[in-house]
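**Student:** Handing you this structure, nothing more for now.
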Amino acid sequence: MKLLLAEDEIDLSDALVALLKHNNYTIDAVYNGAEALDYIRNDDYDAIILDIMMPVKTGLEVLEEMRKEGNGTPVLMLTAKSQIEDKVKGLDMGADDYLAKPFHSKELLARIRAILRRKSDFLPGCLEFGNVSLNRSNYELGVDGNALRLGNKEFQMMELLMQNPAHLISTEKFMERIWGFDADAEINVVWVYISYLRKKLSSIHANILIKATRGVGYSLEKTDD
Amino acid sequence: MNYEISEPNDPTFYGDNIVLFRFLAKDICNTLDCYRTQCKNDDKRDKIEHVKIRIKGVQSLKEKLLLRGMEPTLKNALENITDIVGIRIVTSFIDDVYKVADYFGTLLSYEVTIKKDYIATPKPNGYRSLHLILKKEISIENITCPLNMEVQIRTVMMDAWASLEHQLKYKKEISEKSIIAKELKRLSGEMASTDLCLESIKEMLPQKWF
């Protein structure tokens, strides 16, 4: 399991990293909100631990931005004991749990295990990128009034692309995430489904497109106009 | 190819004009025949699945005029209604819809006066089709007059959808109308999606087959 820890108190951060590593987690540590967002956008974490009071961007701002971008990774917020307002705000904005400082290490580990169990509970109903929206309740890909209903695999591929806009997703990752390791499907099935999605994006006059990087994978990009 | 032109049960309302409408309907049939022959020669594939042509029923014409707040007279009909002669062209694939539409744009004897692309922008109920209004100067004996006609071009799937939606719109005794309308709207998105998958697969196959 890979975790991101965003905590600006260096001593506390070092102690937590040691604790989490000892408990078999892979962990990246960052020390302000802007860094946290960079890491969140560029990597795929199983859970994120966010301190609220951080320089550059607060934990709440990071949470708000990542959820807006469709990132549903479980988040545990760390708060100072008195900040009831922050706890409420954080939970309402899509945090999965909070822990008031100071806390016992056993409780932190238990809460991390709990949010990992609930992984993918928080899902925004609609993902948006450019002029395109992807509705998670009716699987419709649309621009304004023109909506097309996507099939199961197409939807999952589009969802993965829209959750990670402008990031390269490898063909193998699509295969692994959507078809699973033991599927009978051949890897070029990814290319077939990418063709479907491209055709659909162009038919609804989307201002985004799926860019291929030869031999590597695909990324969702905005068109220039 | 033989096209059957469906006519109103009682065309007396149209007077002598019915001759002009028949002439126009026949002319568009001949034009389409030329196109289909040309397609078969060029790339060995007829893009058109089937064609329906009709001269509008008098009752529905009068209702349309009344709906627009006009007296149901022949003069008003000739001046304001552009689909007295209507033709529906059904194709297998979406790009064929646009190819057929482009063909009409190249004709010297017809002018495309209006183009409505309900495939790019479907109607709120989910209706998808490409509509053209064509104008042609008809000369018979010593009379020359401009006549309009409506062309609807769509895929087999869009056509099947539209025929169900048409029933929903005009049959009064259907219960559960709202849920059916909602389902039709959902299916419209699903069928359009499938149409585009078919189109993608067509593009993956060797182009000489198309």
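Chain identifiers are assigned as A, B, and so on, following the order in which chains appear in the structure tokens; residues are numbered from 1 within each chain, and ligands are numbered from 1 in order of appearance.
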For region 137-149 of chain B, find every residue with an atom within 10 Å (counting only C-alpha atoms), except residues of its own chain fewer than 5 positions away, and show them as a ChimeraX atom specification.
**Tutor:** /B:19-21,23-25,27-28,55,78-87,109-113,132
**Student:** With N, CA and C atoms kept, could you save the residues just selected as a short mmCIF file (atom, residue, chain, number, x, y, z; two decimals), in the first residue's frame?
**Tutor:**
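Output saved as part34.cif:
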```cif
data_model
loop_
_atom_site.label_atom_id
_atom_site.label_comp_id
_atom_site.auth_asym_id
_atom_site.auth_seq_id
_atom_site.Cartn_x
_atom_site.Cartn_y
_atom_site.Cartn_z
N VAL B 19 -49.16 17.62 -59.76
CA VAL B 19 -48.31 17.20 -60.88
C VAL B 19 -46.86 17.65 -60.64
N LEU B 20 -46.74 18.89 -60.14
CA LEU B 20 -45.40 19.42 -59.86
C LEU B 20 -44.72 18.60 -58.76
N PHE B 21 -45.51 18.26 -57.72
CA PHE B 21 -44.93 17.50 -56.61
C PHE B 21 -44.46 16.12 -57.08
N PHE B 23 -43.58 15.38 -60.06
CA PHE B 23 -42.41 15.60 -60.90
C PHE B 23 -41.16 15.74 -60.05
N LEU B 24 -41.29 16.54 -58.98
CA LEU B 24 -40.15 16.76 -58.08
C LEU B 24 -39.72 15.45 -57.42
N ALA B 25 -40.72 14.67 -56.95
CA ALA B 25 -40.42 13.39 -56.30
C ALA B 25 -39.69 12.46 -57.26
N ASP B 27 -37.96 13.32 -59.85
CA ASP B 27 -36.66 13.89 -60.18
C ASP B 27 -35.62 13.54 -59.10
N ILE B 28 -36.05 13.64 -57.84
CA ILE B 28 -35.09 13.34 -56.76
C ILE B 28 -34.74 11.85 -56.77
N ILE B 55 -45.63 12.39 -50.57
CA ILE B 55 -46.22 13.73 -50.70
C ILE B 55 -47.12 13.88 -49.49
N LEU B 78 -48.12 26.48 -50.00
CA LEU B 78 -47.05 26.57 -50.99
C LEU B 78 -45.97 27.55 -50.57
N GLU B 79 -46.39 28.61 -49.88
CA GLU B 79 -45.42 29.64 -49.50
C GLU B 79 -44.63 29.29 -48.23
N ASN B 80 -45.23 28.52 -47.34
CA ASN B 80 -44.61 28.35 -46.02
C ASN B 80 -44.16 26.95 -45.64
N ILE B 81 -44.73 25.96 -46.29
CA ILE B 81 -44.39 24.59 -45.86
C ILE B 81 -43.34 24.01 -46.82
N THR B 82 -42.23 23.61 -46.24
CA THR B 82 -41.12 23.16 -47.10
C THR B 82 -41.05 21.64 -47.25
N ASP B 83 -41.95 20.92 -46.54
CA ASP B 83 -41.85 19.45 -46.65
C ASP B 83 -43.09 18.82 -47.27
N ILE B 84 -43.70 19.53 -48.24
CA ILE B 84 -44.83 18.90 -48.93
C ILE B 84 -44.30 17.66 -49.66
N VAL B 85 -43.14 17.81 -50.27
CA VAL B 85 -42.47 16.62 -50.78
C VAL B 85 -41.35 16.28 -49.79
N GLY B 86 -41.37 15.05 -49.30
CA GLY B 86 -40.36 14.67 -48.31
C GLY B 86 -39.72 13.35 -48.69
N ILE B 87 -38.43 13.27 -48.46
CA ILE B 87 -37.73 12.03 -48.77
C ILE B 87 -36.86 11.65 -47.57
N SER B 109 -28.66 21.42 -60.00
CA SER B 109 -30.10 21.63 -60.17
C SER B 109 -30.82 21.84 -58.85
N TYR B 110 -30.16 21.54 -57.73
CA TYR B 110 -30.78 21.74 -56.42
C TYR B 110 -29.94 22.71 -55.59
N GLU B 111 -30.64 23.51 -54.81
CA GLU B 111 -29.91 24.38 -53.90
C GLU B 111 -30.25 23.95 -52.47
N VAL B 112 -29.22 23.74 -51.64
CA VAL B 112 -29.47 23.41 -50.23
C VAL B 112 -29.69 24.73 -49.51
N THR B 113 -30.94 24.98 -49.08
CA THR B 113 -31.21 26.29 -48.46
C THR B 113 -31.10 26.22 -46.94
N LEU B 132 -32.15 18.39 -44.56
CA LEU B 132 -31.82 19.41 -45.55
C LEU B 132 -33.11 19.93 -46.16
#
```
**Student:** Could you give me, as JSON lines, a per-residue list for chain A showing, wherever an atom lies at most 7 Å from an atom of chain B, the closest pair of atoms and their distance in Å to one decimal, using only C-alpha atoms and sorting by chain then residue number from low to high?
**Tutor:**
```
{"residue": "A:Asn146", "atom": "CA", "partner": "B:Thr121", "partner_atom": "CA", "distance": 5.9}
{"residue": "A:Ala147", "atom": "CA", "partner": "B:Gly189", "partner_atom": "CA", "distance": 6.0}
{"residue": "A:Leu148", "atom": "CA", "partner": "B:Gly189", "partner_atom": "CA", "distance": 4.3}
{"residue": "A:Arg149", "atom": "CA", "partner": "B:Glu190", "partner_atom": "CA", "distance": 4.8}
{"residue": "A:Leu150", "atom": "CA", "partner": "B:Ser193", "partner_atom": "CA", "distance": 6.6}
{"residue": "A:Ser195", "atom": "CA", "partner": "B:Ser200", "partner_atom": "CA", "distance": 6.3}
{"residue": "A:Tyr196", "atom": "CA", "partner": "B:Cys197", "partner_atom": "CA", "distance": 5.4}
{"residue": "A:Lys199", "atom": "CA", "partner": "B:Leu196", "partner_atom": "CA", "distance": 6.4}
{"residue": "A:Lys200", "atom": "CA", "partner": "B:Leu196", "partner_atom": "CA", "distance": 6.4}
{"residue": "A:Ser203", "atom": "CA", "partner": "B:Ala120", "partner_atom": "CA", "distance": 6.7}
{"residue": "A:Ile204", "atom": "CA", "partner": "B:Ala120", "partner_atom": "CA", "distance": 6.3}
```
**Student:** Excluding Ala77 (chain B) and residues on its chain fewer than 5 positions from it, collect all residues at most 10 Å away from it, counting only C-alpha atoms, and give them as a ChimeraX atom specification.
**Tutor:** /B:14,61-62,64-65,70-72,82-84
**Student:** Which residues are close to region 21-26 of chain A, i.e. within 12 Å by only C-alpha atoms, leaving aside same-chain residues fewer than 6 positions away? Reply as a count of residues only.
**Tutor:** 20
**Student:** For Ala212 (chain A), work out the shell of residues within 12 Å, counting only C-alpha atoms and skipping chain neighbours fewer than 2 positions away, then give it as a PyMOL selection string.
**Tutor:** chain A and resi 166-171+190-191+194-195+198+209-210+214-221
**Student:** Export, as an mmCIF file, in the first residue's frame, the selected residues with C-alpha atoms.
**Tutor:**
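Output below, filename selection.cif:
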```cif
data_model
loop_
_atom_site.group_PDB
_atom_site.id
_atom_site.type_symbol
_atom_site.label_atom_id
_atom_site.label_comp_id
_atom_site.auth_asym_id
_atom_site.auth_seq_id
_atom_site.Cartn_x
_atom_site.Cartn_y
_atom_site.Cartn_z
ATOM 1 C CA ALA A 166 -2.901 15.241 -18.908
ATOM 2 C CA HIS A 167 -1.207 12.187 -17.458
ATOM 3 C CA LEU A 168 0.124 9.348 -19.463
ATOM 4 C CA ILE A 169 -1.588 6.068 -18.659
ATOM 5 C CA SER A 170 0.131 2.989 -19.989
ATOM 6 C CA THR A 171 -1.625 0.402 -22.099
ATOM 7 C CA VAL A 190 -7.085 -1.232 -25.418
ATOM 8 C CA TRP A 191 -6.420 0.363 -28.792
ATOM 9 C CA ILE A 194 -9.412 4.048 -27.414
ATOM 10 C CA SER A 195 -10.662 4.261 -31.031
ATOM 11 C CA ARG A 198 -11.889 9.050 -29.823
ATOM 12 C CA LEU A 209 -8.663 14.419 -27.132
ATOM 13 C CA ILE A 210 -6.861 11.195 -26.321
ATOM 14 C CA ARG A 214 3.802 5.459 -29.230
ATOM 15 C CA GLY A 215 4.749 2.357 -27.311
ATOM 16 C CA VAL A 216 3.885 3.938 -23.972
ATOM 17 C CA GLY A 217 0.236 4.769 -23.547
ATOM 18 C CA TYR A 218 -2.451 7.417 -23.740
ATOM 19 C CA SER A 219 -3.258 10.732 -22.117
ATOM 20 C CA LEU A 220 -6.229 13.047 -22.125
ATOM 21 C CA GLU A 221 -5.345 16.522 -23.382
#
```
**Student:** Enumerate the residues of region 11-218 of chain A with a DSSP assignment of strand (DSSP E or B), computed from the backbone, and present them as a PyMOL selection string.
**Tutor:** chain A and resi 26-30+47-51+75-80+97-101+126-129+132-135+140-143+146-149+169-170+208-213+217-218
**Student:** Tell me which protein, DNA and RNA residues are within 8 Å of Val30 (chain A), counting only C-alpha atoms, leaving out same-chain ones fewer than 3 positions away, and put them as a PyMOL selection string.
**Tutor:** chain A and resi 4-8+35-36
**Student:** Let me see the file: selected residues, C-alpha atoms, as a compact mmCIF listing (two decimals), in the first residue's frame.
**Tutor:**
```
# COMPACT_ATOMS: atom_id res chain seq x y z
CA LEU A 4 1.28 10.13 0.89
CA LEU A 5 1.95 12.07 4.06
CA ALA A 6 1.63 15.87 3.94
CA GLU A 7 2.78 17.30 7.28
CA ASP A 8 4.84 20.46 7.74
CA GLU A 35 3.87 19.81 -3.01
CA ALA A 36 1.13 17.49 -1.83
```
**Student:** Would you please give, as a PyMOL selection string, all residues of region 44-177 of chain B that DSSP assigns to alpha helix (DSSP H) based on the backbone?
**Tutor:** chain B and resi 58-67+74-80+94-106+156-170+177
**Student:** Can you tell me, as an MDAnalysis selection string, what residues are no more than 7 Å from region 71-82 of chain A when counting only C-alpha atoms, ignoring any on the same chain fewer than 2 positions away?
**Tutor:** chainID A and resid 45:52 66:67 69 84 95:101 115:116 119:120 122:123 163
**Student:** Closest to Val100 (chain B) among B:Glu63, B:Glu49, B:Glu176, B:Glu7, using only C-alpha atoms?
**Tutor:**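 That would be B:Glu49, the residue with the smallest distance to Val100 (chain B).
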